[in-house]
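Below is one structure, written out as structure tokens; comments come after it.
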Amino acid sequence: MFLIAWKPAHAGRPADSYDVIVYGGTPAGVTAAVAAAREGRTVLLVEPLPLVGGMMSGGLSFSDSNQMLREALGGLFEEFHKRVEAHYGQKGIALPYRVAEKDTKFWTYEPHVAELVFNTMLKEAGVTVVLNETLQRAAMFGKKLSTLRMRSGKRFAGKVFIDASYEGDLMAAAKVPFRVGREGRAEFGESFAGAVYQKKAVGARSRGDNGRPLPLVSGTTVTPEGEGDHRIMTYSFRLCLSEDPANRVPFTRPADYDAGRYELFRRFYKVAPKTGVPFDMYPIPGNKLDGNNGIGGQLSLGLVGENWDYPNASYKQRQAIWARHRSYTEGLLYFLMTDTAVPENVRQRMRQMGYAKDEFAAYGHFPPVLYVREARRMEGAYFLTQADILEHKEKPDAIAVASFPIDSHDCQRIATPGGGFINEGTIFPAKTRINGQGIPYQVPYRSIVPKAEACTNLLVPVCVSASHVAFSSIRVEPAWMVLGESAGIAAAVALENNVPVQEVDYSILARRLKAKGQVLSIKK
């Protein structure tokens, strides 16, 4: 692990000082920063990438709230979408939804619009935003974080810290205990825990002539069902695509293209020629499409099995993993457009498609954010499990109502003894939803708070304290945005009363959250 705690030297440039420092400009990071600033606190938001808004600015063009109880998503989440709606209204563009109607339609937006709205909210709140700065070390005095040192050498001092990164890097730097991977079924009695086989095996041959697994196959051992391991759900990019000739950048052959990398696709199309384009596409404003890894598909945009080391990887190792994901994605798009093993109807559709010209121009029109669906998970004051999602749904210290179905993408692709392959790790939404939506449950404040013996001035609203199964429900931007806002207000309350975050008076916090439009209780 490359992020470590260190005792600060008194020499060198002085650190810029703030009441609250938020690390990670994800949607949760934005809501945390805005919420704390609106409470009258000086706030710094630090983001390693050159943009704020995480996946919502990086290609995820609807925030999955269609599968959630929208009546429970208030506060800054609702404000963001109202601002999006107003933005399009000012341009005379009618959206296919209204935020005031809590239906199950996709609430969509273009990536650049999401980024614009997030930046506007931050600017109006007076948040200081620093981009392109990656955490190197964190200084602690006893059990309190004090100063962050960035790879550039810059230092930032704070009183309360919020780790809103997808990876949990600040949490790890503070030496807060965490987990990576999947619990076994027996540890917490979770029926969905460990290895799960909800997809059928595929008859396409998964080994080459040399007997070794083909590229895109991650192993040959069929993990016993229910067994825990180090594996996490697949990463991918959310593509912003266009079929409009006036706003389309055609897919081209990557410099490192190797058609043999996609031999498994060739064999799969031979046994399943009616599969079509192997990833999901959702229409969004601007006559564009949001391309997503198909959770129900056998082969898609996810580079299954090549992200397992990412959560604890070094800076350079993460860059290499990111590059492999981009190389795979760019090569796949070209393969689907050109390879004769791909059905003609698929090739024709891909030739009509390209990257949206007016999105991500600074990045070659390719999404700048890798979809890190799961990384570290904190072991905090309260550890959420499957029972908290499906059974014991009420909590005395609720700071949010979440309701996304338990939803894990593939964790590994295994060459089976019979010669085919099977995808393992996917938990389908249909297993935990009612009328298209997940079951609502309360998220306790304790799940975003470390144990007091670990750190007393850190809040973690993204890499929350949860099992892999429970995290598979919480891991969507609407829930994180609500938790981020709650963390920002909790930070302000802790500062006002000069107490550790573990000792925040919940009655005060709940009253403040409700005043901001947060929904804390489940409708009976």
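Residue numbering restarts at 1 in every chain; chains get A, B, ... in the order shown in the structure tokens, and ligands count up from 1 in that same order.
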
I'd like to know which residues of region 37-169 of chain A are strand (DSSP E or B) (by DSSP, run on the backbone); could you write them as number ranges by chain?
A: 43-47, 62, 108, 128-131, 135-141, 144-150, 155-163

Please identify the alpha helix (DSSP H) residues within region 157-214 of chain A (assignment by DSSP from backbone atoms) and present them as a PyMOL selection string.
chain A and resi 169-173+185-188

Which residues come within 8 Å of region 150-162 of chain A, counting only C-alpha atoms, excluding same-chain residues fewer than 2 positions away, as a compact mmCIF listing (two decimals) with N, CA and C atoms, in the first residue's frame?
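Final output, saved to part_11.txt:
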```txt
# COMPACT_ATOMS: atom_id res chain seq x y z
N ARG A 13 7.28 24.15 3.50
CA ARG A 13 6.23 25.13 3.29
C ARG A 13 5.07 24.88 4.24
N PRO A 14 4.45 25.93 4.77
CA PRO A 14 3.32 25.74 5.69
C PRO A 14 2.12 25.18 4.94
N ALA A 15 1.30 24.47 5.67
CA ALA A 15 0.12 23.87 5.07
C ALA A 15 -1.03 24.86 5.02
N ASP A 16 -1.78 24.86 3.91
CA ASP A 16 -3.02 25.62 3.87
C ASP A 16 -4.01 24.97 4.82
N SER A 17 -4.76 25.77 5.57
CA SER A 17 -5.59 25.22 6.64
C SER A 17 -7.08 25.47 6.39
N TYR A 18 -7.90 24.46 6.70
CA TYR A 18 -9.35 24.52 6.49
C TYR A 18 -10.06 23.83 7.65
N ASP A 19 -11.32 24.19 7.84
CA ASP A 19 -12.13 23.49 8.84
C ASP A 19 -12.36 22.04 8.42
N VAL A 20 -12.75 21.87 7.15
CA VAL A 20 -13.10 20.54 6.63
C VAL A 20 -12.34 20.29 5.34
N ILE A 21 -11.71 19.15 5.24
CA ILE A 21 -11.07 18.74 3.99
C ILE A 21 -11.76 17.48 3.48
N VAL A 22 -12.22 17.57 2.24
CA VAL A 22 -12.86 16.42 1.59
C VAL A 22 -11.88 15.90 0.55
N TYR A 23 -11.54 14.63 0.65
CA TYR A 23 -10.66 14.02 -0.36
C TYR A 23 -11.51 13.14 -1.28
N GLY A 29 -18.38 13.46 -2.68
CA GLY A 29 -17.44 14.48 -2.25
C GLY A 29 -17.98 15.88 -2.47
N ALA A 32 -20.72 16.49 0.13
CA ALA A 32 -20.11 16.67 1.45
C ALA A 32 -19.52 18.07 1.57
N GLU A 133 -4.47 16.58 -7.83
CA GLU A 133 -3.63 16.39 -6.64
C GLU A 133 -3.96 15.05 -5.99
N THR A 134 -2.96 14.19 -5.90
CA THR A 134 -3.14 12.85 -5.36
C THR A 134 -2.49 12.73 -3.99
N LEU A 135 -3.20 12.15 -3.08
CA LEU A 135 -2.71 11.97 -1.71
C LEU A 135 -1.48 11.06 -1.70
N GLN A 136 -0.46 11.51 -0.98
CA GLN A 136 0.73 10.67 -0.79
C GLN A 136 0.81 10.14 0.63
N ARG A 137 0.61 11.06 1.59
CA ARG A 137 0.70 10.66 2.99
C ARG A 137 -0.30 11.46 3.82
N LEU A 145 -6.40 12.89 12.40
CA LEU A 145 -5.74 13.36 11.19
C LEU A 145 -5.44 14.85 11.35
N SER A 146 -4.30 15.29 10.82
CA SER A 146 -3.98 16.71 10.91
C SER A 146 -3.63 17.33 9.56
N THR A 147 -2.82 16.65 8.77
CA THR A 147 -2.32 17.24 7.54
C THR A 147 -2.22 16.18 6.44
N LEU A 148 -2.57 16.59 5.23
CA LEU A 148 -2.40 15.73 4.06
C LEU A 148 -1.24 16.25 3.23
N ALA A 164 -14.14 10.82 0.56
CA ALA A 164 -15.22 10.56 -0.39
C ALA A 164 -14.69 9.91 -1.67
N ASN A 457 -11.56 12.00 13.76
CA ASN A 457 -12.01 13.16 12.99
C ASN A 457 -12.10 12.86 11.49
N LEU A 458 -12.54 11.64 11.18
CA LEU A 458 -12.69 11.21 9.79
C LEU A 458 -14.07 10.61 9.57
N LEU A 459 -14.68 10.97 8.44
CA LEU A 459 -15.96 10.40 8.01
C LEU A 459 -15.77 9.77 6.64
N VAL A 460 -16.44 8.64 6.39
CA VAL A 460 -16.22 7.87 5.16
C VAL A 460 -17.57 7.52 4.54
N PRO A 461 -18.13 8.39 3.69
CA PRO A 461 -19.46 8.16 3.15
C PRO A 461 -19.51 7.30 1.89
N ALA A 487 -22.50 13.47 5.80
CA ALA A 487 -21.15 13.56 6.36
C ALA A 487 -20.70 15.00 6.48
N GLY A 488 -21.01 15.83 5.47
CA GLY A 488 -20.63 17.24 5.52
C GLY A 488 -21.28 17.97 6.68
N ALA A 491 -19.79 16.77 9.98
CA ALA A 491 -18.49 17.40 10.23
C ALA A 491 -18.67 18.78 10.86
N LEU A 495 -17.53 20.07 14.67
CA LEU A 495 -16.71 21.26 14.90
C LEU A 495 -17.40 22.24 15.83
```

For the contact check between region 235-315 of chain A and region 410-426 of chain A, emit one row per residue of region 235-315 of chain A within 8 Å, containing the shortest atom pair and the distance in Å rounded to one decimal, counting only C-alpha atoms, chain then rising number order, as CSV.
```
residue,atom,partner,partner_atom,distance
A:Ile295,CA,A:Thr426,CA,7.3
A:Gln298,CA,A:Asn423,CA,6.9
A:Val304,CA,A:Gln412,CA,5.7
A:Gly305,CA,A:Gln412,CA,5.1
```

Contacts of region 498-505 of chain A at 7 Å (only C-alpha atoms; same-chain gap of 3+ positions) as a VMD selection string
chain A and resid 449 452 456 to 457 493 to 495 508 to 509

For Gly194 (chain A): contacts at 12 Å, only C-alpha atoms, fewer than 6 positions along chain excluded, given as a ChimeraX atom specification
/A:181-188,223-233,408,411-412,424-427,467-469

Take the selection from the previous step and output its residues with N, CA and C atoms, as a PDB file, in the first residue's frame.
```pdb
ATOM      1  N   GLY A 181     -12.420  -7.432  -0.940  1.00  0.00           N
ATOM      2  CA  GLY A 181     -12.824  -8.776  -1.333  1.00  0.00           C
ATOM      3  C   GLY A 181     -14.190  -9.134  -0.787  1.00  0.00           C
ATOM      4  N   ARG A 182     -14.432 -10.435  -0.689  1.00  0.00           N
ATOM      5  CA  ARG A 182     -15.764 -10.903  -0.321  1.00  0.00           C
ATOM      6  C   ARG A 182     -15.715 -11.787   0.926  1.00  0.00           C
ATOM      7  N   GLU A 183     -16.657 -11.551   1.809  1.00  0.00           N
ATOM      8  CA  GLU A 183     -16.802 -12.409   2.972  1.00  0.00           C
ATOM      9  C   GLU A 183     -17.344 -13.781   2.544  1.00  0.00           C
ATOM     10  N   GLY A 184     -17.018 -14.799   3.317  1.00  0.00           N
ATOM     11  CA  GLY A 184     -17.630 -16.107   3.106  1.00  0.00           C
ATOM     12  C   GLY A 184     -19.059 -16.107   3.615  1.00  0.00           C
ATOM     13  N   ARG A 185     -19.841 -17.021   3.114  1.00  0.00           N
ATOM     14  CA  ARG A 185     -21.262 -17.070   3.470  1.00  0.00           C
ATOM     15  C   ARG A 185     -21.475 -17.284   4.957  1.00  0.00           C
ATOM     16  N   ALA A 186     -20.563 -18.004   5.596  1.00  0.00           N
ATOM     17  CA  ALA A 186     -20.766 -18.344   6.996  1.00  0.00           C
ATOM     18  C   ALA A 186     -20.452 -17.195   7.949  1.00  0.00           C
ATOM     19  N   GLU A 187     -19.619 -16.220   7.536  1.00  0.00           N
ATOM     20  CA  GLU A 187     -19.161 -15.197   8.477  1.00  0.00           C
ATOM     21  C   GLU A 187     -20.310 -14.397   9.075  1.00  0.00           C
ATOM     22  N   PHE A 188     -21.240 -13.954   8.231  1.00  0.00           N
ATOM     23  CA  PHE A 188     -22.385 -13.179   8.722  1.00  0.00           C
ATOM     24  C   PHE A 188     -23.727 -13.826   8.367  1.00  0.00           C
ATOM     25  N   THR A 223     -14.403 -21.805  -7.942  1.00  0.00           N
ATOM     26  CA  THR A 223     -14.454 -21.498  -6.514  1.00  0.00           C
ATOM     27  C   THR A 223     -15.701 -22.113  -5.882  1.00  0.00           C
ATOM     28  N   PRO A 224     -15.555 -22.811  -4.764  1.00  0.00           N
ATOM     29  CA  PRO A 224     -16.735 -23.382  -4.108  1.00  0.00           C
ATOM     30  C   PRO A 224     -17.766 -22.302  -3.775  1.00  0.00           C
ATOM     31  N   GLU A 225     -19.019 -22.596  -4.012  1.00  0.00           N
ATOM     32  CA  GLU A 225     -20.078 -21.622  -3.762  1.00  0.00           C
ATOM     33  C   GLU A 225     -20.084 -21.211  -2.294  1.00  0.00           C
ATOM     34  N   GLY A 226     -20.191 -19.896  -2.072  1.00  0.00           N
ATOM     35  CA  GLY A 226     -20.228 -19.371  -0.716  1.00  0.00           C
ATOM     36  C   GLY A 226     -18.877 -19.099  -0.098  1.00  0.00           C
ATOM     37  N   GLU A 227     -17.801 -19.456  -0.777  1.00  0.00           N
ATOM     38  CA  GLU A 227     -16.462 -19.231  -0.236  1.00  0.00           C
ATOM     39  C   GLU A 227     -16.022 -17.788  -0.447  1.00  0.00           C
ATOM     40  N   GLY A 228     -15.486 -17.164   0.574  1.00  0.00           N
ATOM     41  CA  GLY A 228     -14.987 -15.800   0.461  1.00  0.00           C
ATOM     42  C   GLY A 228     -13.611 -15.765  -0.179  1.00  0.00           C
ATOM     43  N   ASP A 229     -13.238 -14.589  -0.684  1.00  0.00           N
ATOM     44  CA  ASP A 229     -11.934 -14.453  -1.330  1.00  0.00           C
ATOM     45  C   ASP A 229     -11.583 -12.984  -1.489  1.00  0.00           C
ATOM     46  N   HIS A 230     -10.500 -12.733  -2.225  1.00  0.00           N
ATOM     47  CA  HIS A 230      -9.991 -11.376  -2.429  1.00  0.00           C
ATOM     48  C   HIS A 230     -10.646 -10.677  -3.605  1.00  0.00           C
ATOM     49  N   ARG A 231     -11.558 -11.318  -4.304  1.00  0.00           N
ATOM     50  CA  ARG A 231     -12.066 -10.800  -5.572  1.00  0.00           C
ATOM     51  C   ARG A 231     -13.135  -9.720  -5.360  1.00  0.00           C
ATOM     52  N   ILE A 232     -13.199  -8.795  -6.313  1.00  0.00           N
ATOM     53  CA  ILE A 232     -14.183  -7.715  -6.288  1.00  0.00           C
ATOM     54  C   ILE A 232     -14.862  -7.631  -7.655  1.00  0.00           C
ATOM     55  N   MET A 233     -15.983  -6.919  -7.697  1.00  0.00           N
ATOM     56  CA  MET A 233     -16.731  -6.840  -8.958  1.00  0.00           C
ATOM     57  C   MET A 233     -15.981  -6.030 -10.007  1.00  0.00           C
ATOM     58  N   SER A 408     -24.294  -6.932  -7.734  1.00  0.00           N
ATOM     59  CA  SER A 408     -22.862  -7.085  -7.971  1.00  0.00           C
ATOM     60  C   SER A 408     -22.632  -7.562  -9.397  1.00  0.00           C
ATOM     61  N   CYS A 411     -17.332 -11.098 -10.820  1.00  0.00           N
ATOM     62  CA  CYS A 411     -16.068 -11.002 -10.098  1.00  0.00           C
ATOM     63  C   CYS A 411     -14.964 -11.829 -10.757  1.00  0.00           C
ATOM     64  N   GLN A 412     -15.328 -12.883 -11.462  1.00  0.00           N
ATOM     65  CA  GLN A 412     -14.327 -13.676 -12.167  1.00  0.00           C
ATOM     66  C   GLN A 412     -14.981 -14.453 -13.309  1.00  0.00           C
ATOM     67  N   GLU A 424     -18.729 -15.734 -12.601  1.00  0.00           N
ATOM     68  CA  GLU A 424     -19.073 -15.901 -11.197  1.00  0.00           C
ATOM     69  C   GLU A 424     -19.069 -14.556 -10.490  1.00  0.00           C
ATOM     70  N   GLY A 425     -19.973 -14.382  -9.546  1.00  0.00           N
ATOM     71  CA  GLY A 425     -19.973 -13.187  -8.712  1.00  0.00           C
ATOM     72  C   GLY A 425     -21.122 -12.239  -8.934  1.00  0.00           C
ATOM     73  N   THR A 426     -21.855 -12.410 -10.033  1.00  0.00           N
ATOM     74  CA  THR A 426     -22.960 -11.495 -10.302  1.00  0.00           C
ATOM     75  C   THR A 426     -24.138 -11.814  -9.395  1.00  0.00           C
ATOM     76  N   ILE A 427     -24.650 -10.779  -8.752  1.00  0.00           N
ATOM     77  CA  ILE A 427     -25.897 -10.870  -7.988  1.00  0.00           C
ATOM     78  C   ILE A 427     -26.913 -10.034  -8.736  1.00  0.00           C
ATOM     79  N   SER A 467     -20.272  -5.207   4.465  1.00  0.00           N
ATOM     80  CA  SER A 467     -19.826  -6.407   3.776  1.00  0.00           C
ATOM     81  C   SER A 467     -19.937  -6.199   2.268  1.00  0.00           C
ATOM     82  N   HIS A 468     -19.335  -7.096   1.510  1.00  0.00           N
ATOM     83  CA  HIS A 468     -19.443  -7.022   0.047  1.00  0.00           C
ATOM     84  C   HIS A 468     -20.905  -7.038  -0.386  1.00  0.00           C
ATOM     85  N   VAL A 469     -21.715  -7.865   0.248  1.00  0.00           N
ATOM     86  CA  VAL A 469     -23.121  -7.976  -0.145  1.00  0.00           C
ATOM     87  C   VAL A 469     -23.860  -6.679   0.151  1.00  0.00           C
TER      88      VAL A 469
END
```

Proximity to Leu384 (chain A) - best of A:Pro444, A:Gly331, A:Gly286, A:Gly142, only C-alpha atoms:
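The shortest atom-to-atom distance to Leu384 (chain A) comes from A:Pro444.
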
Give the answer as one residue: which of A:Gly203, A:Gly168, A:Gly58, A:Gly24 has the shortest atom-to-atom distance to Ala375 (chain A), using only C-alpha atoms?
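Of A:Gly203, A:Gly168, A:Gly58, A:Gly24, the one nearest Ala375 (chain A) is A:Gly168, counting only C-alpha atoms.
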
My list of candidates is A:Tyr88, A:Tyr328, A:Tyr97, A:Phe192. Which is closest to Ala114 (chain A) when distances are computed with only C-alpha atoms?
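Closest to Ala114 (chain A), using only C-alpha atoms: A:Tyr88.
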